[in-house]
>>> print(open('input21.txt').read())   # compact mmCIF, C-alpha atoms and all ligand atoms
# COMPACT_ATOMS: atom_id res chain seq x y z
CA MET A 734 103.60 55.24 100.98
CA ASP A 735 107.13 53.83 100.55
CA SER A 736 109.29 56.67 101.83
CA HIS A 737 112.42 55.34 100.07
CA LEU A 738 110.67 55.84 96.70
CA LEU A 739 109.95 59.46 97.46
CA PRO A 740 112.19 62.19 96.05
CA ALA A 741 114.27 63.82 98.80
CA ALA A 742 113.21 67.29 99.95
CA ILE A 743 114.90 70.33 98.40
CA LYS A 744 115.18 73.12 100.97
CA ARG A 745 115.55 75.86 98.34
CA LEU A 746 112.05 75.04 97.03
CA GLY A 747 110.47 75.25 100.47
CA GLN A 748 109.83 71.51 100.55
CA ASN A 749 108.48 70.82 104.04
CA PHE A 750 105.94 68.08 103.42
CA LEU A 751 102.87 67.61 105.61
CA ILE A 752 102.74 64.20 107.24
CA ASP A 753 99.81 64.67 109.64
CA PRO A 754 96.46 63.47 108.20
CA ASN A 755 94.59 65.38 110.91
CA ILE A 756 96.00 68.70 109.68
CA VAL A 757 95.13 67.72 106.11
CA ARG A 758 91.52 67.06 107.21
CA LYS A 759 91.33 70.41 109.01
CA ILE A 760 92.65 72.29 105.95
CA VAL A 761 90.17 70.59 103.61
CA ALA A 762 87.27 71.25 106.04
CA LEU A 763 88.21 74.93 106.21
CA ALA A 764 87.90 75.23 102.43
CA GLU A 765 84.19 74.18 102.62
CA LEU A 766 84.44 72.28 99.35
CA THR A 767 81.49 70.79 97.51
CA PRO A 768 81.60 67.98 94.89
CA THR A 769 81.14 70.57 92.12
CA ASP A 770 83.91 72.98 93.11
CA THR A 771 87.15 73.54 91.22
CA VAL A 772 90.31 73.79 93.31
CA LEU A 773 93.77 75.19 92.59
CA GLU A 774 96.59 73.71 94.65
CA ILE A 775 100.01 75.34 94.50
CA GLY A 776 102.92 73.01 95.22
CA PRO A 777 101.29 69.56 95.64
CA GLY A 778 104.65 68.09 96.68
CA ARG A 779 104.20 64.40 97.47
CA GLY A 780 100.42 64.76 97.15
CA ILE A 781 99.09 64.30 100.69
CA LEU A 782 96.80 67.34 100.42
CA THR A 783 96.13 66.77 96.72
CA GLU A 784 94.63 63.33 97.36
CA ALA A 785 92.31 64.67 100.06
CA LEU A 786 91.27 67.53 97.80
CA CYS A 787 90.52 65.15 94.91
CA ARG A 788 88.24 63.15 97.21
CA ALA A 789 86.42 66.25 98.46
CA THR A 790 85.75 68.16 95.29
CA GLY A 791 84.94 68.17 91.57
CA HIS A 792 88.26 69.07 90.00
CA VAL A 793 91.78 69.89 91.17
CA THR A 794 94.53 71.65 89.23
CA ALA A 795 97.88 71.20 91.00
CA ILE A 796 100.93 73.21 89.89
CA GLU A 797 104.32 71.83 90.94
CA ILE A 798 107.68 73.30 89.96
CA ASP A 799 109.85 70.25 90.83
CA PRO A 800 110.03 67.81 87.87
CA ARG A 801 110.87 64.88 90.19
CA LEU A 802 107.69 65.41 92.18
CA HIS A 803 105.72 65.93 88.99
CA VAL A 804 106.85 62.51 87.75
CA TYR A 805 106.09 60.94 91.13
CA LEU A 806 102.58 62.42 91.16
CA THR A 807 101.92 61.55 87.51
CA GLU A 808 102.65 57.89 88.27
CA ARG A 809 100.03 57.98 91.03
CA GLN A 810 97.55 60.09 89.06
CA PRO A 811 95.44 57.23 87.55
CA ARG A 812 93.85 56.96 91.01
CA PHE A 813 92.34 60.41 90.48
CA LEU A 814 90.51 61.17 87.26
CA ASN A 815 89.59 64.66 88.47
CA LEU A 816 93.21 65.83 88.83
CA THR A 817 95.16 67.97 86.35
CA LEU A 818 98.86 68.02 87.16
CA VAL A 819 100.87 70.94 85.82
CA LEU A 820 104.67 71.15 85.82
CA ASP A 821 105.29 74.88 86.06
CA ASP A 822 106.12 77.87 88.24
CA ALA A 823 102.98 79.09 90.02
CA MET A 824 104.30 82.67 89.82
CA THR A 825 104.11 82.66 86.02
CA TYR A 826 101.56 79.95 85.13
CA PRO A 827 98.37 81.67 83.83
CA ILE A 828 96.13 80.96 86.84
CA GLU A 829 93.89 83.78 85.60
CA ARG A 830 92.58 81.25 83.04
CA LEU A 831 91.14 79.00 85.75
CA PRO A 832 87.32 79.14 86.10
CA ILE A 833 85.80 81.98 88.11
CA GLY A 834 84.90 80.58 91.53
CA THR A 835 88.03 78.41 91.84
CA ILE A 836 89.00 77.83 95.47
CA VAL A 837 92.69 77.93 96.32
CA VAL A 838 94.14 75.53 98.89
CA ALA A 839 97.89 75.38 99.40
CA ASN A 840 100.71 74.67 101.78
CA LEU A 841 102.88 77.35 100.24
CA PRO A 842 106.65 77.22 99.84
CA TYR A 843 107.72 79.78 102.44
CA TYR A 844 110.34 81.47 100.26
CA LEU A 845 107.57 82.57 97.88
CA SER A 846 104.58 82.93 100.18
CA THR A 847 104.12 86.72 100.10
CA PRO A 848 104.53 87.19 96.31
CA LEU A 849 102.19 84.22 95.67
CA LEU A 850 99.65 85.60 98.13
CA PHE A 851 99.66 88.97 96.35
CA ARG A 852 99.37 87.29 92.97
CA LEU A 853 96.26 85.45 94.23
CA LEU A 854 94.80 88.62 95.75
CA ASP A 855 95.39 90.55 92.50
CA LEU A 856 93.25 87.92 90.78
CA ARG A 857 90.69 87.78 93.60
CA ASN A 858 87.66 88.14 91.32
CA ARG A 859 88.41 84.56 90.34
CA PHE A 860 89.11 83.12 93.80
CA PRO A 861 86.33 83.53 96.43
CA ARG A 862 88.20 81.54 99.10
CA ILE A 863 91.89 81.03 99.66
CA VAL A 864 93.15 78.64 102.34
CA LEU A 865 96.89 78.91 102.90
CA MET A 866 99.48 77.39 105.17
CA LEU A 867 102.03 80.13 105.82
CA GLN A 868 104.68 81.10 108.35
CA ASN A 869 102.95 81.87 111.64
CA GLU A 870 104.41 85.36 111.74
CA VAL A 871 103.09 86.12 108.24
CA VAL A 872 99.59 85.06 109.34
CA ASP A 873 99.90 87.32 112.40
CA ARG A 874 100.78 90.22 110.10
CA LEU A 875 97.89 89.37 107.78
CA VAL A 876 95.29 89.60 110.55
CA SER A 877 96.80 92.36 112.71
CA LYS A 878 94.89 95.56 113.46
CA PRO A 879 96.00 99.21 113.80
CA GLY A 880 98.16 99.83 116.86
CA SER A 881 99.79 96.41 116.78
CA SER A 882 103.51 96.06 116.07
CA ASP A 883 102.61 93.47 113.40
CA TYR A 884 100.42 95.96 111.53
CA GLY A 885 102.04 97.09 108.28
CA VAL A 886 101.88 97.10 104.48
CA LEU A 887 101.01 93.39 104.34
CA SER A 888 98.10 93.81 106.81
CA VAL A 889 96.61 96.84 105.04
CA MET A 890 96.95 95.52 101.49
CA ALA A 891 95.70 92.00 102.30
CA GLN A 892 92.77 93.19 104.46
CA TYR A 893 91.82 95.67 101.74
CA ALA A 894 91.36 92.66 99.43
CA ALA A 895 89.99 90.00 101.80
CA GLU A 896 88.41 89.17 105.15
CA ILE A 897 91.13 87.15 106.84
CA THR A 898 91.06 84.78 109.79
CA LYS A 899 93.84 82.85 111.45
CA ALA A 900 92.32 79.35 111.59
CA PHE A 901 94.91 77.34 113.55
CA ARG A 902 98.62 76.93 114.24
CA VAL A 903 100.51 73.90 112.95
CA SER A 904 103.40 72.40 114.88
CA ALA A 905 106.74 71.75 113.15
CA GLN A 906 106.26 68.07 114.01
CA CYS A 907 103.52 67.85 111.38
CA PHE A 908 106.13 68.21 108.58
CA ARG A 909 109.07 66.31 107.16
CA PRO A 910 111.60 67.77 107.15
CA ARG A 911 110.60 69.95 110.09
CA PRO A 912 110.64 73.68 109.30
CA GLU A 913 112.67 75.98 111.56
CA ILE A 914 109.79 78.42 111.87
CA GLY A 915 106.23 77.99 113.12
CA SER A 916 103.33 77.64 110.70
CA ALA A 917 99.65 78.56 110.70
CA VAL A 918 96.69 78.23 108.36
CA ALA A 919 94.80 81.32 107.22
CA LEU A 920 91.42 81.58 105.53
CA LEU A 921 90.96 84.51 103.17
CA ARG A 922 87.47 85.34 101.90
CA THR A 923 88.10 87.76 99.07
CA LYS A 924 86.03 90.92 98.77
CA HIS A 925 83.93 91.18 95.61
CA ARG A 926 83.16 94.86 95.85
CA ARG A 927 86.19 97.03 95.23
CA ALA A 928 86.22 100.00 97.61
CA LEU A 929 88.61 101.89 95.31
CA ASN A 930 88.47 102.07 91.53
CA GLU A 931 91.20 100.87 89.15
CA GLU A 932 92.87 104.26 89.06
CA GLU A 933 92.86 104.69 92.83
CA GLU A 934 94.15 101.23 93.78
CA PRO A 935 97.79 101.68 92.64
CA LYS A 936 97.87 105.11 94.33
CA PHE A 937 96.56 103.56 97.55
CA ALA A 938 99.23 100.83 97.34
CA ALA A 939 102.00 103.41 96.76
CA LEU A 940 100.79 105.58 99.63
CA VAL A 941 100.56 102.68 102.09
CA LYS A 942 104.07 101.54 101.14
CA ALA A 943 105.44 105.06 101.54
CA ALA A 944 103.60 105.54 104.86
CA PHE A 945 105.29 102.49 106.40
CA ALA A 946 108.72 103.11 104.84
CA HIS A 947 109.99 104.71 108.07
CA ARG A 948 108.09 103.23 110.98
CA ARG A 949 109.67 105.45 113.59
CA LYS A 950 108.76 108.68 111.81
CA THR A 951 105.43 110.48 111.80
CA LEU A 952 103.24 109.85 108.77
CA VAL A 953 103.86 113.39 107.48
CA ASN A 954 107.65 112.94 107.60
CA SER A 955 107.54 109.44 106.21
CA LEU A 956 105.45 110.54 103.24
CA LYS A 957 107.61 113.66 102.75
CA ASP A 958 110.70 111.45 102.51
CA GLN A 959 108.97 109.44 99.80
CA GLY A 960 108.23 112.53 97.69
CA TYR A 961 104.80 113.59 98.92
CA GLU A 962 104.24 117.30 99.48
CA GLN A 963 104.44 117.93 103.22
CA LYS A 964 101.88 120.76 103.39
CA LEU A 965 99.34 118.79 101.43
CA VAL A 966 99.72 115.72 103.65
CA ALA A 967 99.47 117.82 106.83
CA ALA A 968 96.36 119.64 105.56
CA THR A 969 94.76 116.34 104.53
CA LEU A 970 95.41 114.80 107.95
CA SER A 971 93.84 117.85 109.56
CA SER A 972 90.79 117.59 107.27
CA LEU A 973 90.40 114.02 108.57
CA ASN A 974 90.65 115.22 112.20
CA LEU A 975 93.97 113.40 112.57
CA SER A 976 96.87 114.81 114.57
CA PRO A 977 99.95 116.08 112.63
CA THR A 978 102.02 113.59 114.65
CA THR A 979 99.93 110.58 113.54
CA ARG A 980 101.94 107.45 112.70
CA ALA A 981 101.12 105.03 109.91
CA GLU A 982 100.54 102.09 112.26
CA THR A 983 97.56 103.82 113.88
CA LEU A 984 95.58 104.37 110.65
CA SER A 985 92.75 102.02 109.72
CA ILE A 986 92.35 100.80 106.15
CA GLU A 987 89.36 103.12 105.71
CA GLN A 988 91.53 106.05 106.84
CA PHE A 989 94.28 105.07 104.36
CA MET A 990 91.65 104.93 101.61
CA GLU A 991 90.26 108.34 102.54
CA LEU A 992 93.78 109.78 102.75
CA THR A 993 94.47 108.46 99.23
CA ARG A 994 91.26 109.95 97.84
CA ARG A 995 91.89 113.34 99.40
CA ILE A 996 95.62 113.60 98.66
CA TYR A 997 95.38 112.51 95.06
CA GLY A 998 92.06 114.23 94.51
CA SER A 999 93.50 117.59 95.50
CA ASN A 1000 96.68 117.92 93.47
CA PHE A 1001 98.01 114.71 92.00
CA SER A 1002 100.47 116.22 89.52
CA ASN A 1003 102.49 117.95 92.28
CA LEU A 1004 102.88 114.90 94.44
CA HIS A 1005 106.00 113.19 93.23
CA ARG A 1006 109.33 114.71 92.49
N1 LIG A 1101 101.48 70.36 99.42
C1 LIG A 1101 102.58 69.56 99.89
C2 LIG A 1101 102.38 69.19 101.34
O1 LIG A 1101 101.55 69.86 101.98
O2 LIG A 1101 103.06 68.30 101.82
C3 LIG A 1101 103.93 70.26 99.69
C4 LIG A 1101 104.07 71.58 100.36
S1 LIG A 1101 105.72 72.24 100.34
C5 LIG A 1101 105.65 73.36 101.70
C6 LIG A 1101 105.73 73.40 98.96
C7 LIG A 1101 105.68 72.78 97.58
O3 LIG A 1101 105.68 73.85 96.62
C8 LIG A 1101 106.85 71.90 97.23
O4 LIG A 1101 106.40 70.72 96.64
C9 LIG A 1101 107.67 72.74 96.21
O5 LIG A 1101 108.40 71.94 95.29
C10 LIG A 1101 106.57 73.53 95.54
N2 LIG A 1101 107.00 74.79 94.93
C11 LIG A 1101 108.03 75.57 95.31
N3 LIG A 1101 108.09 76.67 94.51
C12 LIG A 1101 107.08 76.56 93.62
C13 LIG A 1101 106.62 77.37 92.54
N4 LIG A 1101 107.24 78.53 92.23
N5 LIG A 1101 105.56 76.94 91.81
C14 LIG A 1101 104.94 75.76 92.12
N6 LIG A 1101 105.33 74.96 93.13
C15 LIG A 1101 106.37 75.35 93.88
>>> encode(input="input21.txt", output="structure tokens")
Amino acid sequence: MDSHLLPAAIKRLGQNFLIDPNIVRKIVALAELTPTDTVLEIGPGRGILTEALCRATGHVTAIEIDPRLHVYLTERQPRFLNLTLVLDDAMTYPIERLPIGTIVVANLPYYLSTPLLFRLLDLRNRFPRIVLMLQNEVVDRLVSKPGSSDYGVLSVMAQYAAEITKAFRVSAQCFRPRPEIGSAVALLRTKHRRALNEEEEPKFAALVKAAFAHRRKTLVNSLKDQGYEQKLVAATLSSLNLSPTTRAETLSIEQFMELTRRIYGSNFSNLHR
């Protein structure tokens, strides 16, 4: 590749381009692609991952927001007949129209990694596997378990939707320009069976968010501050054999789900001021 022909990186768009072919190989291997799979790549950039994906699978849709990179990739596209390049914002492009079973592989722009991750998880019925390069600390939060200081809303909500593993760390030297923060690759296998129904899910999400709103407070006080009825929360904790001084970071996902069912099942209309 002639580097002087490449568009310069724009920091605001999270443009830290991979330059290490070994990392590219490891990412593609993690996705377990077959020649008949369909892949969604978010942010193809200069195309290093895109090219490897096109070689490994049936079809690749790559959504890039930067028009300069879109032009650059379009000029190279004739080499890959199985590539659809889209110039758009991945937060608003209708990815829900991609075929069911599409596998997502992306080195995400860090400024948008959490919202994009949640968008993908919201549409998880479509995406059985999601392989993402993220900030190392975000991956640590994604996989952390109760009792850990990294355990919070992101851990509970993501692990509710997917089985997540931290696959490997990636050194800053593998990118140009080098990012200031460490990176890691995560594999998310999305869960097909929904443990909560459509009505319960938003209540679960609201409760988890409220529970972690004040990390230093007990769960009862934290939820009270967010408008939940104190007596009801205390009685529900007791019915689950949990101490009244329980803190959010000690609750498992199953316990958060059970708390949601019991709190909302008992007296939903009185819950919020
Ligand atoms: N995949 C390339 C690689 O590994 O070298 C580039 C990865 S770079 C970290 C992130 C890419 O996402 C950039 O090309 C950036 O322009 C693009 N991007 C940023 N925001 C985007 C958005 N909202 N929708 C689609 N692409 C976006």
>>> axis_aligned_box(input="input21.txt", around="ligand LIG 1101 (chain A)", padding_each_side="5 Å", output="lines of an AutoDock Vina configuration file")
center_x = 104.9
center_y = 73.4
center_z = 96.9
size_x = 16.9
size_y = 20.2
size_z = 20.2
>>> closest_residue(input="input21.txt", among="A:Phe908, A:Phe901, A:Phe813, A:Tyr805", to="ligand LIG 1101 (chain A)", atoms="only C-alpha atoms and all ligand atoms")
A:Phe908
>>> residues_near_ligand(input="input21.txt", ligand="ligand LIG 1101 (chain A)", cutoff="8 Å", atoms="all atoms listed in the file", output="PyMOL selection string")
chain A and resi 743+746-752+757+774-783+796-799+802+820-824+839-845+908
>>> closest_residue(input="input21.txt", among="A:Thr807, A:Ser877, A:Gln892, A:Ser976", to="Ala795 of chain A", atoms="only C-alpha atoms")
A:Thr807
>>> atom_distance(input="input21.txt", atom1="atom CA of Arg909 of chain A", atom2="atom CA of Lys759 of chain A")
18.3 Å
>>> residues_around(input="input21.txt", residues="His947 of chain A", least_positions_apart="2", cutoff="12 Å", atoms="all atoms listed in the file", output="PyMOL selection string")
chain A and resi 885-886+941-945+949-959+980-982
>>> closest_residue(input="input21.txt", among="A:Val837, A:Ala891, A:Ile914, A:Leu738", to="Leu806 of chain A", atoms="all atoms listed in the file")
A:Leu738
>>> closest_residue(input="input21.txt", among="A:Leu940, A:Val793, A:Ile760, A:Val772", to="Ile836 of chain A", atoms="all atoms listed in the file")
A:Val772
>>> closest_residue(input="input21.txt", among="A:Ala895, A:Met990, A:Ala917, A:Ala764", to="Lys936 of chain A", atoms="only C-alpha atoms")
A:Met990
>>> closest_residue(input="input21.txt", among="A:Glu932, A:Arg922, A:Val903, A:Thr898", to="Asp753 of chain A", atoms="only C-alpha atoms")
A:Val903
>>> atom_distance(input="input21.txt", atom1="atom CA of Leu831 of chain A", atom2="atom CA of Thr790 of chain A")
15.4 Å
>>> residues_around(input="input21.txt", residues="Thr835 of chain A", least_positions_apart="5", cutoff="12 Å", atoms="all atoms listed in the file", output="PyMOL selection string")
chain A and resi 764+766-767+769-774+790-794+828-830+853+856-864+923
>>> atom_distance(input="input21.txt", atom1="atom CA of Ile897 of chain A", atom2="atom CA of Lys744 of chain A")
28.5 Å
>>> residues_around(input="input21.txt", residues="segment 926-928 of chain A", least_positions_apart="5", cutoff="10 Å", atoms="only C-alpha atoms", output="CSV table (one decimal) with C-alpha atoms, in the frame of the given file")
chain,number,residue,atom,x,y,z
A,858,ASN,CA,87.7,88.1,91.3
A,893,TYR,CA,91.8,95.7,101.7
A,894,ALA,CA,91.4,92.7,99.4
A,933,GLU,CA,92.9,104.7,92.8
A,934,GLU,CA,94.2,101.2,93.8
A,987,GLU,CA,89.4,103.1,105.7
A,990,MET,CA,91.6,104.9,101.6
>>> decode(input="input21.txt", residues="segment 964-1000 of chain A", atoms="N, CA and C atoms", output="short mmCIF file (atom, residue, chain, number, x, y, z; two decimals), in the first residue's frame")
data_model
loop_
_atom_site.label_atom_id
_atom_site.label_comp_id
_atom_site.auth_asym_id
_atom_site.auth_seq_id
_atom_site.Cartn_x
_atom_site.Cartn_y
_atom_site.Cartn_z
N LYS A 964 -39.61 0.59 51.17
CA LYS A 964 -40.12 -0.59 51.89
C LYS A 964 -40.22 -1.78 50.95
N LEU A 965 -40.69 -1.50 49.76
CA LEU A 965 -40.88 -2.58 48.78
C LEU A 965 -39.54 -3.20 48.41
N VAL A 966 -38.52 -2.35 48.20
CA VAL A 966 -37.20 -2.87 47.83
C VAL A 966 -36.64 -3.70 48.99
N ALA A 967 -36.76 -3.18 50.23
CA ALA A 967 -36.22 -3.89 51.39
C ALA A 967 -36.91 -5.24 51.55
N ALA A 968 -38.25 -5.25 51.40
CA ALA A 968 -39.00 -6.51 51.55
C ALA A 968 -38.61 -7.49 50.45
N THR A 969 -38.38 -6.98 49.25
CA THR A 969 -38.02 -7.87 48.14
C THR A 969 -36.64 -8.47 48.36
N LEU A 970 -35.71 -7.65 48.86
CA LEU A 970 -34.36 -8.18 49.15
C LEU A 970 -34.47 -9.29 50.20
N SER A 971 -35.29 -9.05 51.21
CA SER A 971 -35.44 -10.04 52.27
C SER A 971 -36.05 -11.33 51.70
N SER A 972 -37.02 -11.19 50.79
CA SER A 972 -37.65 -12.39 50.20
C SER A 972 -36.64 -13.17 49.36
N LEU A 973 -35.55 -12.51 48.96
CA LEU A 973 -34.50 -13.20 48.19
C LEU A 973 -33.33 -13.62 49.09
N ASN A 974 -33.57 -13.53 50.41
CA ASN A 974 -32.51 -13.87 51.40
C ASN A 974 -31.28 -13.00 51.24
N LEU A 975 -31.49 -11.74 50.85
CA LEU A 975 -30.36 -10.82 50.70
C LEU A 975 -30.40 -9.80 51.84
N SER A 976 -29.22 -9.44 52.33
CA SER A 976 -29.14 -8.50 53.45
C SER A 976 -29.66 -7.12 53.03
N PRO A 977 -30.25 -6.37 54.01
CA PRO A 977 -30.71 -4.99 53.69
C PRO A 977 -29.56 -4.06 53.31
N THR A 978 -28.33 -4.45 53.64
CA THR A 978 -27.18 -3.59 53.31
C THR A 978 -26.48 -4.03 52.01
N THR A 979 -27.12 -4.92 51.27
CA THR A 979 -26.56 -5.39 50.00
C THR A 979 -26.23 -4.22 49.08
N ARG A 980 -25.10 -4.33 48.36
CA ARG A 980 -24.75 -3.31 47.36
C ARG A 980 -24.90 -3.88 45.95
N ALA A 981 -25.18 -3.00 45.02
CA ALA A 981 -25.47 -3.44 43.64
C ALA A 981 -24.36 -4.32 43.08
N GLU A 982 -23.10 -3.97 43.39
CA GLU A 982 -21.99 -4.69 42.74
C GLU A 982 -21.83 -6.14 43.19
N THR A 983 -22.65 -6.55 44.20
CA THR A 983 -22.54 -7.95 44.64
C THR A 983 -23.62 -8.83 44.01
N LEU A 984 -24.59 -8.22 43.33
CA LEU A 984 -25.71 -8.99 42.77
C LEU A 984 -25.37 -9.62 41.42
N SER A 985 -25.73 -10.89 41.27
CA SER A 985 -25.54 -11.54 39.97
C SER A 985 -26.64 -11.08 39.01
N ILE A 986 -26.47 -11.40 37.75
CA ILE A 986 -27.50 -11.03 36.76
C ILE A 986 -28.81 -11.72 37.09
N GLU A 987 -28.73 -12.99 37.50
CA GLU A 987 -29.94 -13.73 37.85
C GLU A 987 -30.65 -13.03 39.02
N GLN A 988 -29.87 -12.55 39.98
CA GLN A 988 -30.49 -11.86 41.13
C GLN A 988 -31.13 -10.53 40.70
N PHE A 989 -30.48 -9.82 39.77
CA PHE A 989 -31.11 -8.59 39.24
C PHE A 989 -32.41 -8.92 38.51
N MET A 990 -32.41 -10.03 37.78
CA MET A 990 -33.64 -10.41 37.05
C MET A 990 -34.75 -10.74 38.04
N GLU A 991 -34.40 -11.50 39.08
CA GLU A 991 -35.41 -11.90 40.06
C GLU A 991 -35.92 -10.68 40.82
N LEU A 992 -35.01 -9.76 41.14
CA LEU A 992 -35.40 -8.52 41.82
C LEU A 992 -36.41 -7.75 40.94
N THR A 993 -36.12 -7.67 39.65
CA THR A 993 -37.03 -6.97 38.72
C THR A 993 -38.40 -7.63 38.74
N ARG A 994 -38.41 -8.95 38.59
CA ARG A 994 -39.70 -9.67 38.54
C ARG A 994 -40.49 -9.40 39.82
N ARG A 995 -39.83 -9.50 40.96
CA ARG A 995 -40.56 -9.38 42.23
C ARG A 995 -40.99 -7.94 42.49
N ILE A 996 -40.10 -6.98 42.24
CA ILE A 996 -40.46 -5.58 42.51
C ILE A 996 -41.60 -5.14 41.60
N TYR A 997 -41.45 -5.38 40.34
CA TYR A 997 -42.48 -4.90 39.41
C TYR A 997 -43.73 -5.76 39.48
N GLY A 998 -43.54 -7.02 39.81
CA GLY A 998 -44.71 -7.91 39.92
C GLY A 998 -45.59 -7.50 41.07
N SER A 999 -44.98 -6.94 42.15
CA SER A 999 -45.79 -6.69 43.34
C SER A 999 -46.62 -5.42 43.25
N ASN A 1000 -46.02 -4.33 42.80
CA ASN A 1000 -46.81 -3.09 42.81
C ASN A 1000 -46.20 -2.06 41.86
#
